[in-house]
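Student: Take a look at start-v7.csv, CSV, C-alpha atoms and all ligand atoms:
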```
chain,number,residue,atom,x,y,z
A,1,MET,CA,31.4,8.4,-74.5
A,2,LEU,CA,31.7,5.5,-77.0
A,3,THR,CA,28.9,3.1,-77.9
A,4,VAL,CA,29.3,0.6,-80.7
A,5,THR,CA,26.6,-1.9,-81.5
A,6,GLY,CA,26.4,-4.8,-83.8
A,7,LEU,CA,29.5,-4.0,-85.9
A,8,VAL,CA,30.1,-6.4,-88.7
A,9,LYS,CA,33.1,-6.1,-91.1
A,10,ARG,CA,33.6,-8.6,-93.8
A,11,TYR,CA,36.8,-9.2,-95.8
A,12,GLY,CA,35.6,-11.6,-98.5
A,13,PRO,CA,34.3,-14.7,-96.7
A,14,ARG,CA,36.1,-13.7,-93.4
A,15,ARG,CA,34.3,-11.7,-90.8
A,16,ALA,CA,36.8,-9.5,-89.0
A,17,LEU,CA,34.0,-8.2,-86.9
A,18,ASP,CA,30.9,-10.2,-86.3
A,19,GLY,CA,28.4,-8.4,-84.0
A,20,PHE,CA,30.9,-6.4,-82.0
A,21,ASP,CA,29.3,-4.4,-79.1
A,22,LEU,CA,31.2,-2.2,-76.6
A,23,THR,CA,30.3,0.8,-74.4
A,24,VAL,CA,33.0,2.9,-72.8
A,25,ALA,CA,32.2,5.5,-70.2
A,26,PRO,CA,34.1,8.8,-69.5
A,27,GLY,CA,36.9,8.1,-67.1
A,28,GLU,CA,36.9,4.4,-67.9
A,29,ILE,CA,39.9,2.4,-69.2
A,30,VAL,CA,38.7,-0.7,-71.1
A,31,GLY,CA,41.4,-3.3,-71.6
A,32,LEU,CA,40.5,-5.0,-75.0
A,33,ILE,CA,42.1,-8.4,-75.1
A,34,GLY,CA,41.9,-11.4,-77.3
A,35,HIS,CA,44.0,-13.7,-79.4
A,36,ASN,CA,45.6,-12.7,-82.7
A,37,GLY,CA,42.9,-12.1,-85.3
A,38,ALA,CA,40.1,-11.6,-82.8
A,39,GLY,CA,39.2,-8.3,-84.4
A,40,LYS,CA,40.7,-5.7,-82.0
A,41,THR,CA,42.5,-3.7,-84.6
A,42,THR,CA,39.6,-3.8,-87.0
A,43,PHE,CA,37.4,-2.5,-84.2
A,44,VAL,CA,39.8,0.4,-83.5
A,45,GLU,CA,40.1,1.2,-87.2
A,46,THR,CA,36.3,1.2,-87.5
A,47,VAL,CA,35.9,3.6,-84.6
A,48,THR,CA,38.6,5.8,-86.1
A,49,GLY,CA,36.8,5.9,-89.4
A,50,LEU,CA,39.6,4.2,-91.3
A,51,VAL,CA,37.3,1.2,-92.0
A,52,ASP,CA,33.6,1.4,-92.9
A,53,PRO,CA,31.6,-1.3,-91.2
A,54,ASP,CA,29.2,-3.4,-93.3
A,55,GLU,CA,26.7,-3.3,-90.5
A,56,GLY,CA,26.3,-1.7,-87.1
A,57,HIS,CA,26.7,1.7,-85.5
A,58,VAL,CA,29.4,3.8,-83.9
A,59,ARG,CA,28.3,6.6,-81.6
A,60,ILE,CA,31.0,8.9,-80.1
A,61,GLY,CA,29.7,11.5,-77.7
A,62,PRO,CA,26.8,13.2,-79.5
A,63,TYR,CA,28.0,12.1,-82.9
A,64,ASP,CA,26.8,9.3,-85.1
A,65,THR,CA,29.8,8.9,-87.3
A,66,PRO,CA,33.5,8.7,-86.6
A,67,ARG,CA,34.1,11.4,-89.2
A,68,ALA,CA,32.0,13.9,-87.4
A,69,ALA,CA,33.7,13.0,-84.1
A,70,ARG,CA,37.2,13.2,-85.4
A,71,HIS,CA,38.1,16.1,-83.1
A,72,LEU,CA,37.1,14.0,-80.0
A,73,LEU,CA,39.5,11.1,-80.8
A,74,GLY,CA,43.1,10.5,-80.0
A,75,VAL,CA,44.5,7.4,-81.7
A,76,ALA,CA,47.7,5.5,-81.4
A,77,PRO,CA,47.5,2.8,-84.2
A,78,GLN,CA,49.3,-0.5,-84.0
A,79,GLU,CA,51.2,0.3,-87.2
A,80,LEU,CA,53.0,3.5,-86.3
A,81,ALA,CA,51.9,6.5,-88.3
A,82,LEU,CA,54.6,9.2,-87.9
A,83,TYR,CA,56.6,11.4,-90.3
A,84,GLY,CA,60.1,9.9,-90.0
A,85,THR,CA,62.0,12.8,-91.5
A,86,VAL,CA,60.7,15.5,-89.1
A,87,SER,CA,61.2,15.7,-85.4
A,88,ALA,CA,59.1,14.2,-82.6
A,89,ARG,CA,58.1,17.7,-81.6
A,90,GLU,CA,56.9,18.5,-85.2
A,91,ASN,CA,54.9,15.3,-85.3
A,92,VAL,CA,53.2,16.1,-82.1
A,93,ARG,CA,52.7,19.8,-83.1
A,94,LEU,CA,51.0,18.7,-86.3
A,95,LEU,CA,48.4,16.7,-84.3
A,96,ALA,CA,48.0,19.6,-81.8
A,97,GLY,CA,47.1,21.8,-84.7
A,98,LEU,CA,44.6,19.3,-86.0
A,99,ALA,CA,43.1,19.3,-82.5
A,100,GLY,CA,42.5,23.0,-82.8
A,101,LEU,CA,45.4,24.4,-80.7
A,102,ARG,CA,47.2,27.5,-82.0
A,103,GLY,CA,50.2,29.7,-81.0
A,104,ARG,CA,51.6,29.6,-77.5
A,105,ARG,CA,48.9,27.3,-76.2
A,106,ARG,CA,49.9,24.8,-78.8
A,107,ASP,CA,53.6,25.0,-78.0
A,108,ALA,CA,52.9,24.7,-74.2
A,109,GLU,CA,50.6,21.7,-74.7
A,110,VAL,CA,53.2,20.0,-77.0
A,111,ALA,CA,56.0,20.6,-74.5
A,112,ARG,CA,53.8,19.2,-71.6
A,113,VAL,CA,52.9,16.0,-73.5
A,114,LEU,CA,56.5,15.4,-74.6
A,115,ALA,CA,57.6,15.8,-70.9
A,116,GLU,CA,54.8,13.5,-69.7
A,117,LEU,CA,56.1,10.8,-72.0
A,118,HIS,CA,59.8,11.4,-71.1
A,119,LEU,CA,60.5,12.7,-74.6
A,120,THR,CA,61.8,16.2,-73.9
A,121,ASP,CA,65.5,15.3,-74.5
A,122,LEU,CA,64.6,13.5,-77.8
A,123,ALA,CA,62.0,15.9,-79.0
A,124,ASP,CA,64.1,17.6,-81.7
A,125,ARG,CA,65.5,14.5,-83.3
A,126,PRO,CA,64.0,13.1,-86.5
A,127,VAL,CA,61.6,10.3,-85.6
A,128,GLY,CA,63.4,8.1,-88.1
A,129,ALA,CA,66.4,8.3,-85.9
A,130,LEU,CA,64.6,7.1,-82.7
A,131,SER,CA,64.4,3.6,-81.4
A,132,GLY,CA,61.2,1.5,-81.6
A,133,GLY,CA,60.2,2.2,-78.0
A,134,GLN,CA,60.9,5.9,-78.4
A,135,ARG,CA,58.7,6.0,-81.5
A,136,ARG,CA,55.9,4.3,-79.6
A,137,ARG,CA,56.0,7.1,-77.1
A,138,VAL,CA,55.9,9.7,-79.8
A,139,GLN,CA,52.9,8.0,-81.2
A,140,ALA,CA,51.2,8.0,-77.8
A,141,ALA,CA,52.0,11.7,-77.5
A,142,THR,CA,50.3,12.4,-80.9
A,143,ALA,CA,47.2,10.6,-79.5
A,144,MET,CA,47.2,12.4,-76.2
A,145,VAL,CA,48.0,16.0,-77.2
A,146,GLY,CA,45.0,18.3,-76.7
A,147,SER,CA,43.5,15.9,-74.2
A,148,PRO,CA,40.9,14.3,-76.5
A,149,PRO,CA,38.0,12.8,-74.5
A,150,LEU,CA,38.3,9.4,-76.3
A,151,LEU,CA,41.6,7.6,-76.6
A,152,LEU,CA,42.1,4.5,-78.7
A,153,LEU,CA,45.5,2.9,-78.0
A,154,ASP,CA,46.3,-0.2,-80.0
A,155,GLU,CA,49.1,-2.1,-78.3
A,156,PRO,CA,50.9,1.1,-77.3
A,157,THR,CA,53.5,-0.7,-75.2
A,158,ALA,CA,54.4,-3.4,-77.8
A,159,GLY,CA,58.2,-3.8,-77.6
A,160,ALA,CA,58.5,-1.2,-74.9
A,161,ASP,CA,61.2,-1.4,-72.1
A,162,PRO,CA,60.1,-1.0,-68.5
A,163,GLU,CA,60.7,2.7,-68.4
A,164,THR,CA,58.7,3.4,-71.5
A,165,ARG,CA,55.9,1.2,-70.3
A,166,THR,CA,55.7,3.0,-66.9
A,167,ALA,CA,55.7,6.4,-68.6
A,168,LEU,CA,52.9,5.3,-70.9
A,169,LEU,CA,50.8,3.7,-68.2
A,170,ASP,CA,51.1,6.7,-66.0
A,171,ALA,CA,50.1,9.0,-68.9
A,172,VAL,CA,47.1,6.8,-69.7
A,173,LYS,CA,46.0,6.7,-66.0
A,174,ALA,CA,46.3,10.5,-65.8
A,175,ARG,CA,44.0,10.9,-68.9
A,176,ALA,CA,41.4,8.6,-67.5
A,177,ASP,CA,41.5,10.4,-64.1
A,178,ALA,CA,40.9,13.6,-66.0
A,179,GLY,CA,37.8,12.0,-67.5
A,180,ALA,CA,38.9,10.5,-70.8
A,181,ALA,CA,37.4,7.3,-72.0
A,182,VAL,CA,40.2,4.9,-73.1
A,183,VAL,CA,40.3,1.7,-75.1
A,184,TYR,CA,43.5,0.0,-74.6
A,185,THR,CA,44.4,-3.2,-76.5
A,186,THR,CA,47.3,-5.3,-75.2
A,187,HIS,CA,48.6,-8.9,-75.0
A,188,TYR,CA,50.3,-8.0,-71.8
A,189,LEU,CA,47.7,-8.6,-69.1
A,190,PRO,CA,49.6,-7.3,-66.0
A,191,GLU,CA,49.3,-3.8,-67.6
A,192,LEU,CA,45.6,-4.0,-67.2
A,193,VAL,CA,45.9,-4.7,-63.5
A,194,ASP,CA,48.2,-1.6,-63.2
A,195,LEU,CA,45.7,0.5,-65.1
A,196,GLY,CA,42.7,-0.7,-63.1
A,197,ALA,CA,41.0,-1.4,-66.4
A,198,THR,CA,37.7,-3.0,-66.9
A,199,LEU,CA,37.9,-5.9,-69.5
A,200,ALA,CA,36.5,-6.8,-72.8
A,201,LEU,CA,37.5,-10.1,-74.2
A,202,ALA,CA,37.2,-10.3,-78.0
A,203,ARG,CA,37.0,-13.6,-79.9
A,204,ASP,CA,36.1,-14.2,-83.5
A,205,GLY,CA,34.9,-10.6,-84.1
A,206,CYS,CA,32.7,-10.1,-81.0
A,207,VAL,CA,33.1,-9.4,-77.3
A,208,ILE,CA,32.5,-12.6,-75.3
A,209,ALA,CA,33.1,-11.3,-71.8
A,210,ARG,CA,32.8,-7.8,-70.3
A,211,GLY,CA,33.2,-6.5,-66.8
A,212,THR,CA,35.5,-5.6,-64.0
A,213,GLN,CA,38.5,-7.8,-63.3
A,214,ARG,CA,37.1,-8.6,-59.9
A,215,ASP,CA,33.7,-9.7,-61.3
A,216,LEU,CA,35.2,-11.7,-64.0
A,217,THR,CA,37.7,-13.6,-61.8
A,218,ARG,CA,35.4,-14.1,-58.8
A,219,ASP,CA,34.3,-17.6,-59.7
A,220,LEU,CA,37.7,-18.9,-60.8
A,221,PRO,CA,39.9,-21.0,-58.6
A,222,GLY,CA,43.1,-19.6,-57.2
A,223,GLU,CA,45.8,-21.7,-55.8
A,224,LEU,CA,46.8,-22.6,-52.2
A,225,ARG,CA,50.6,-23.4,-51.8
A,226,VAL,CA,51.8,-25.0,-48.6
A,227,THR,CA,55.2,-26.2,-47.6
A,228,PHE,CA,55.4,-28.4,-44.4
A,229,ALA,CA,57.7,-28.5,-41.4
A,230,ASP,CA,58.5,-32.1,-42.1
A,231,PRO,CA,61.1,-31.9,-44.9
A,232,GLY,CA,59.9,-35.3,-46.2
A,233,GLU,CA,56.5,-33.9,-47.1
A,234,PRO,CA,56.3,-32.5,-50.6
A,235,GLU,CA,54.9,-29.0,-51.3
A,236,LEU,CA,51.2,-28.9,-51.8
A,237,ARG,CA,49.7,-26.9,-54.7
A,238,LEU,CA,45.9,-27.0,-54.5
A,239,PRO,CA,43.5,-25.3,-57.0
A,240,THR,CA,40.8,-23.9,-54.8
A,241,LYS,CA,37.9,-21.4,-54.6
A,242,ASP,CA,38.1,-21.3,-50.8
A,243,PRO,CA,41.7,-21.4,-49.6
A,244,GLY,CA,40.7,-20.6,-46.0
A,245,ALA,CA,38.5,-23.7,-45.8
A,246,ASP,CA,41.2,-25.9,-47.4
A,247,LEU,CA,43.9,-24.6,-45.1
A,248,ALA,CA,41.6,-25.2,-42.0
A,249,ALA,CA,41.0,-28.8,-43.2
A,250,LEU,CA,44.8,-29.3,-43.4
A,251,LEU,CA,45.3,-28.0,-39.9
A,252,ALA,CA,42.4,-30.1,-38.6
A,253,ALA,CA,44.1,-33.2,-40.2
A,254,GLY,CA,47.1,-32.5,-38.0
A,255,ARG,CA,49.5,-31.3,-40.7
A,256,THR,CA,52.0,-28.5,-39.8
A,257,PRO,CA,52.6,-25.9,-42.5
A,258,ALA,CA,56.0,-24.2,-42.6
A,259,SER,CA,54.7,-21.6,-45.1
A,260,VAL,CA,51.4,-20.8,-46.8
A,261,ASP,CA,50.9,-18.8,-50.0
A,262,ILE,CA,47.5,-18.0,-51.5
A,263,ARG,CA,47.5,-17.1,-55.2
A,264,ARG,CA,44.4,-15.3,-56.3
A,265,PRO,CA,43.0,-16.0,-59.8
A,266,SER,CA,44.9,-13.9,-62.3
A,267,LEU,CA,43.9,-12.3,-65.6
A,268,ASP,CA,45.9,-15.0,-67.3
A,269,ASP,CA,43.6,-17.6,-65.6
A,270,LEU,CA,40.6,-15.6,-66.7
A,271,TYR,CA,41.8,-15.4,-70.3
A,272,HIS,CA,42.5,-19.1,-70.5
A,273,SER,CA,39.2,-20.1,-68.9
A,274,LEU,CA,37.2,-17.9,-71.3
A,275,GLU,CA,39.1,-19.0,-74.3
A,276,ALA,CA,38.6,-22.6,-73.3
A,277,ALA,CA,34.9,-22.1,-72.6
A,278,ALA,CA,34.4,-20.5,-76.1
A,279,LEU,CA,36.0,-23.4,-77.9
B,1,LIG,P1,46.3,-9.0,-83.3
B,1,LIG,O1,46.2,-9.3,-81.9
B,1,LIG,O2,47.1,-9.9,-84.1
B,1,LIG,O3,46.6,-7.5,-83.6
B,1,LIG,P2,43.5,-8.4,-83.9
B,1,LIG,O4,42.6,-8.9,-82.8
B,1,LIG,O5,43.8,-6.9,-83.9
B,1,LIG,O6,44.8,-9.2,-84.0
B,1,LIG,P3,42.5,-7.9,-86.6
B,1,LIG,O7,43.8,-7.3,-87.1
B,1,LIG,O8,41.4,-7.0,-86.3
B,1,LIG,O9,42.8,-8.8,-85.3
B,1,LIG,O10,42.0,-9.0,-87.6
B,1,LIG,C1,40.8,-9.7,-87.5
B,1,LIG,C2,40.6,-10.6,-88.7
B,1,LIG,O11,40.4,-9.9,-89.9
B,1,LIG,C3,41.9,-11.5,-89.0
B,1,LIG,O12,41.4,-12.7,-89.4
B,1,LIG,C4,42.6,-10.7,-90.1
B,1,LIG,O13,43.3,-11.6,-90.9
B,1,LIG,C5,41.4,-10.1,-90.9
B,1,LIG,N1,41.7,-8.9,-91.5
B,1,LIG,C6,42.0,-7.7,-90.9
B,1,LIG,N2,42.3,-6.7,-91.8
B,1,LIG,C7,42.1,-7.3,-93.0
B,1,LIG,C8,42.2,-6.8,-94.4
B,1,LIG,N3,42.6,-5.5,-94.6
B,1,LIG,N4,42.0,-7.7,-95.4
B,1,LIG,C9,41.6,-9.0,-95.1
B,1,LIG,N5,41.5,-9.5,-93.9
B,1,LIG,C10,41.8,-8.7,-92.8
```
Before anything else, please render the file you have as structure tokens.
Tutor:
Amino acid sequence: MLTVTGLVKRYGPRRALDGFDLTVAPGEIVGLIGHNGAGKTTFVETVTGLVDPDEGHVRIGPYDTPRAARHLLGVAPQELALYGTVSARENVRLLAGLAGLRGRRRDAEVARVLAELHLTDLADRPVGALSGGQRRRVQAATAMVGSPPLLLLDEPTAGADPETRTALLDAVKARADAGAAVVYTTHYLPELVDLGATLALARDGCVIARGTQRDLTRDLPGELRVTFADPGEPELRLPTKDPGADLAALLAAGRTPASVDIRRPSLDDLYHSLEAAAL
């Protein structure tokens, strides 16, 4: 659904994008992660058509330019882009109109998306009178209305409370299950586990690792934690790639565990190992 190749964007001497490649299939959620300044927002802005790349290509569905593919895109930018003096419903209606919906179909779709994001009770308040988390949900609703086949969500849960986060994640999952391709940037890695996202790690304007969470964490050590029956024996915390073998070795050595906990490698571990490897 989305293929970008070799994107370069220069701001003076700085390269915000420096050979950024990414492919996203229909029904796939890609978690785009990376430190501040890695190029995630510039990538989103380039795919949206807000920023023209100096080099490289963006292909969206059958189209070779973001402008031609505008009707296929739903975007929730990091900096909220909403009309503060009109209601949440009117903001979402406006985008529904741009997505080509008219009349009763439009009203029904707007009501459906507002309900999906738990906004029905707030829908007729001016956006300027809503909280930050509520505005984020309205922004997500403007991206999702009309069910566009490509969603670009730039930190959609920044500052969100748990209820807001859950509503958003459920809505994103539902869109991917219905076949949408989703790019989801976040600094909150557990969300990507909940979403079952594949991962793209950006660093210095390019993607340095890409794959499923399982593939990317396979070779990392987890941790074996063991407490012992003898209260004088301290808890053992052992980084290990083979906890079963290490536990068997402990038992063979005659030690008697009181409790055993195996921690699998997490996305945090992956993030830190890739960041460290790239230094
Ligand atoms: P964050 O996690 O903080 O949102 P990011 O990965 O989204 O960061 P970008 O906002 O894409 O990073 O920025 C990438 C680099 O490009 C940064 O060094 C940033 O300072 C620079 N940059 C982005 N936009 C501009 C601009 N309009 N003018 C000059 N430099 C810019």
Student: I'd like the contact shell of A:Gly34 - 9 Å cut-off, all atoms listed in the file, skipping same-chain residues fewer than 5 positions apart - returned as JSON, numbers by chain.
Tutor: {"A": [39, 40, 185, 186, 187, 200, 201, 202, 203, 204, 271, 275]}
Student: Show me a table, sorted first by chain and then by increasing residue number, of the residues of chain A having an atom at most 9 Å from ligand LIG 1 (chain B), each with its shortest atom pair and the distance in Å to one decimal, counting all atoms listed in the file and written as JSON lines.
Tutor:
```
{"residue": "A:Lys9", "atom": "CA", "partner": "B:LIG1", "partner_atom": "O11", "distance": 8.3}
{"residue": "A:Arg10", "atom": "CA", "partner": "B:LIG1", "partner_atom": "O11", "distance": 7.9}
{"residue": "A:Tyr11", "atom": "CA", "partner": "B:LIG1", "partner_atom": "C9", "distance": 4.9}
{"residue": "A:Gly12", "atom": "CA", "partner": "B:LIG1", "partner_atom": "C9", "distance": 7.4}
{"residue": "A:Arg14", "atom": "CA", "partner": "B:LIG1", "partner_atom": "O12", "distance": 6.7}
{"residue": "A:Arg15", "atom": "CA", "partner": "B:LIG1", "partner_atom": "O11", "distance": 6.4}
{"residue": "A:Ala16", "atom": "CA", "partner": "B:LIG1", "partner_atom": "O11", "distance": 3.7}
{"residue": "A:Leu17", "atom": "CA", "partner": "B:LIG1", "partner_atom": "C1", "distance": 7.0}
{"residue": "A:Leu32", "atom": "CA", "partner": "B:LIG1", "partner_atom": "O4", "distance": 9.0}
{"residue": "A:Ile33", "atom": "CA", "partner": "B:LIG1", "partner_atom": "O4", "distance": 7.7}
{"residue": "A:Gly34", "atom": "CA", "partner": "B:LIG1", "partner_atom": "O4", "distance": 6.1}
{"residue": "A:His35", "atom": "CA", "partner": "B:LIG1", "partner_atom": "O1", "distance": 5.5}
{"residue": "A:Asn36", "atom": "CA", "partner": "B:LIG1", "partner_atom": "O2", "distance": 3.5}
{"residue": "A:Gly37", "atom": "CA", "partner": "B:LIG1", "partner_atom": "O9", "distance": 3.3}
{"residue": "A:Ala38", "atom": "CA", "partner": "B:LIG1", "partner_atom": "O4", "distance": 3.7}
{"residue": "A:Gly39", "atom": "CA", "partner": "B:LIG1", "partner_atom": "O8", "distance": 3.2}
{"residue": "A:Lys40", "atom": "CA", "partner": "B:LIG1", "partner_atom": "O4", "distance": 3.8}
{"residue": "A:Thr41", "atom": "CA", "partner": "B:LIG1", "partner_atom": "O5", "distance": 3.5}
{"residue": "A:Thr42", "atom": "CA", "partner": "B:LIG1", "partner_atom": "O8", "distance": 3.7}
{"residue": "A:Phe43", "atom": "CA", "partner": "B:LIG1", "partner_atom": "O8", "distance": 6.4}
{"residue": "A:Val44", "atom": "CA", "partner": "B:LIG1", "partner_atom": "O8", "distance": 8.1}
{"residue": "A:Glu45", "atom": "CA", "partner": "B:LIG1", "partner_atom": "O8", "distance": 8.4}
{"residue": "A:Val51", "atom": "CA", "partner": "B:LIG1", "partner_atom": "N3", "distance": 8.9}
{"residue": "A:Gln78", "atom": "CA", "partner": "B:LIG1", "partner_atom": "O3", "distance": 7.5}
{"residue": "A:Asp154", "atom": "CA", "partner": "B:LIG1", "partner_atom": "O3", "distance": 8.1}
{"residue": "A:Glu155", "atom": "CA", "partner": "B:LIG1", "partner_atom": "O3", "distance": 8.0}
{"residue": "A:Thr185", "atom": "CA", "partner": "B:LIG1", "partner_atom": "O5", "distance": 8.3}
{"residue": "A:Thr186", "atom": "CA", "partner": "B:LIG1", "partner_atom": "O1", "distance": 7.9}
{"residue": "A:His187", "atom": "CA", "partner": "B:LIG1", "partner_atom": "O1", "distance": 7.3}
{"residue": "A:Ala202", "atom": "CA", "partner": "B:LIG1", "partner_atom": "O4", "distance": 7.4}
{"residue": "A:Arg203", "atom": "CA", "partner": "B:LIG1", "partner_atom": "O4", "distance": 7.9}
{"residue": "A:Asp204", "atom": "CA", "partner": "B:LIG1", "partner_atom": "C1", "distance": 7.6}
{"residue": "A:Gly205", "atom": "CA", "partner": "B:LIG1", "partner_atom": "C1", "distance": 6.9}
```
Student: Filtering to C-alpha atoms, could you give me those residues as a compact mmCIF listing (two decimals), keeping the file's coordinate frame?
Tutor:
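Final file, selection_24.txt:
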```txt
# COMPACT_ATOMS: atom_id res chain seq x y z
CA LYS A 9 33.10 -6.10 -91.10
CA ARG A 10 33.60 -8.60 -93.80
CA TYR A 11 36.80 -9.20 -95.80
CA GLY A 12 35.60 -11.60 -98.50
CA ARG A 14 36.10 -13.70 -93.40
CA ARG A 15 34.30 -11.70 -90.80
CA ALA A 16 36.80 -9.50 -89.00
CA LEU A 17 34.00 -8.20 -86.90
CA LEU A 32 40.50 -5.00 -75.00
CA ILE A 33 42.10 -8.40 -75.10
CA GLY A 34 41.90 -11.40 -77.30
CA HIS A 35 44.00 -13.70 -79.40
CA ASN A 36 45.60 -12.70 -82.70
CA GLY A 37 42.90 -12.10 -85.30
CA ALA A 38 40.10 -11.60 -82.80
CA GLY A 39 39.20 -8.30 -84.40
CA LYS A 40 40.70 -5.70 -82.00
CA THR A 41 42.50 -3.70 -84.60
CA THR A 42 39.60 -3.80 -87.00
CA PHE A 43 37.40 -2.50 -84.20
CA VAL A 44 39.80 0.40 -83.50
CA GLU A 45 40.10 1.20 -87.20
CA VAL A 51 37.30 1.20 -92.00
CA GLN A 78 49.30 -0.50 -84.00
CA ASP A 154 46.30 -0.20 -80.00
CA GLU A 155 49.10 -2.10 -78.30
CA THR A 185 44.40 -3.20 -76.50
CA THR A 186 47.30 -5.30 -75.20
CA HIS A 187 48.60 -8.90 -75.00
CA ALA A 202 37.20 -10.30 -78.00
CA ARG A 203 37.00 -13.60 -79.90
CA ASP A 204 36.10 -14.20 -83.50
CA GLY A 205 34.90 -10.60 -84.10
```
Student: Would you mind telling me which residue in A:Gln139, A:Ser266, A:Thr198, A:Thr227 lies nearest to A:Leu247 when using all atoms listed in the file?
Tutor: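 Of all the options, A:Thr227 lies closest to A:Leu247.
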Student: So how far away is atom CA of A:Pro148 from atom CA of A:Ala174, in Å?
Tutor: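 The value is 12.6 Å.
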Student: So that I can check the surroundings of stretch 159-173 of chain A, please list as a list of chain:residue names every protein, DNA and RNA residue that reaches within 9 Å of it, counting all atoms listed in the file and ignoring chain neighbours fewer than 4 positions away.
Tutor: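 Within the cut-off, the hits are A:Ile29, A:Val113, A:Glu116, A:Leu117, A:His118, A:Gly132, A:Gly133, A:Gln134, A:Arg136, A:Arg137, A:Ala140, A:Met144, A:Leu151, A:Asp177, A:Ala178, A:Val182, A:Glu191, A:Asp194, A:Leu195, A:Gly196.
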Student: With all atoms listed in the file as the atoms that count, which of A:Gly100, A:Gly31, A:Gly6, A:Pro13 lies nearest to A:Gly56?
Tutor: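 Going through A:Gly100, A:Gly31, A:Gly6, A:Pro13 one by one, the smallest distance to A:Gly56 is for A:Gly6.
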Student: Just how far from atom CA of A:Ala143 is atom CA of A:Val4, in Å to one decimal?
Tutor: 20.5 Å
Student: What separation in Å, quoted to one decimal, exists between atom CA of A:Glu28 and atom CA of A:Leu2?
Tutor: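 Atom-to-atom, atom CA of A:Glu28 and atom CA of A:Leu2 are spaced 10.5 Å apart.
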Student: With a distance cut-off of 9 Å and only C-alpha atoms, select the neighbouring residues of A:Asp269, excluding the residue or stretch itself and same-chain residues fewer than 6 positions from it, and output the selection as a PyMOL selection string.
Tutor: chain A and resi 217+220-222
Student: Need to verify the contact set: A:Val226, 8 Å, only C-alpha atoms, exclusion of same-chain residues closer than 2 positions in sequence. Can you return it as a compact mmCIF listing (two decimals) with C-alpha atoms, keeping the file's coordinate frame?
Tutor:
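New file part09.txt:
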```txt
# COMPACT_ATOMS: atom_id res chain seq x y z
CA LEU A 224 46.80 -22.60 -52.20
CA PHE A 228 55.40 -28.40 -44.40
CA GLU A 235 54.90 -29.00 -51.30
CA LEU A 236 51.20 -28.90 -51.80
CA ARG A 237 49.70 -26.90 -54.70
CA PRO A 257 52.60 -25.90 -42.50
CA ALA A 258 56.00 -24.20 -42.60
CA SER A 259 54.70 -21.60 -45.10
CA VAL A 260 51.40 -20.80 -46.80
CA ASP A 261 50.90 -18.80 -50.00
```
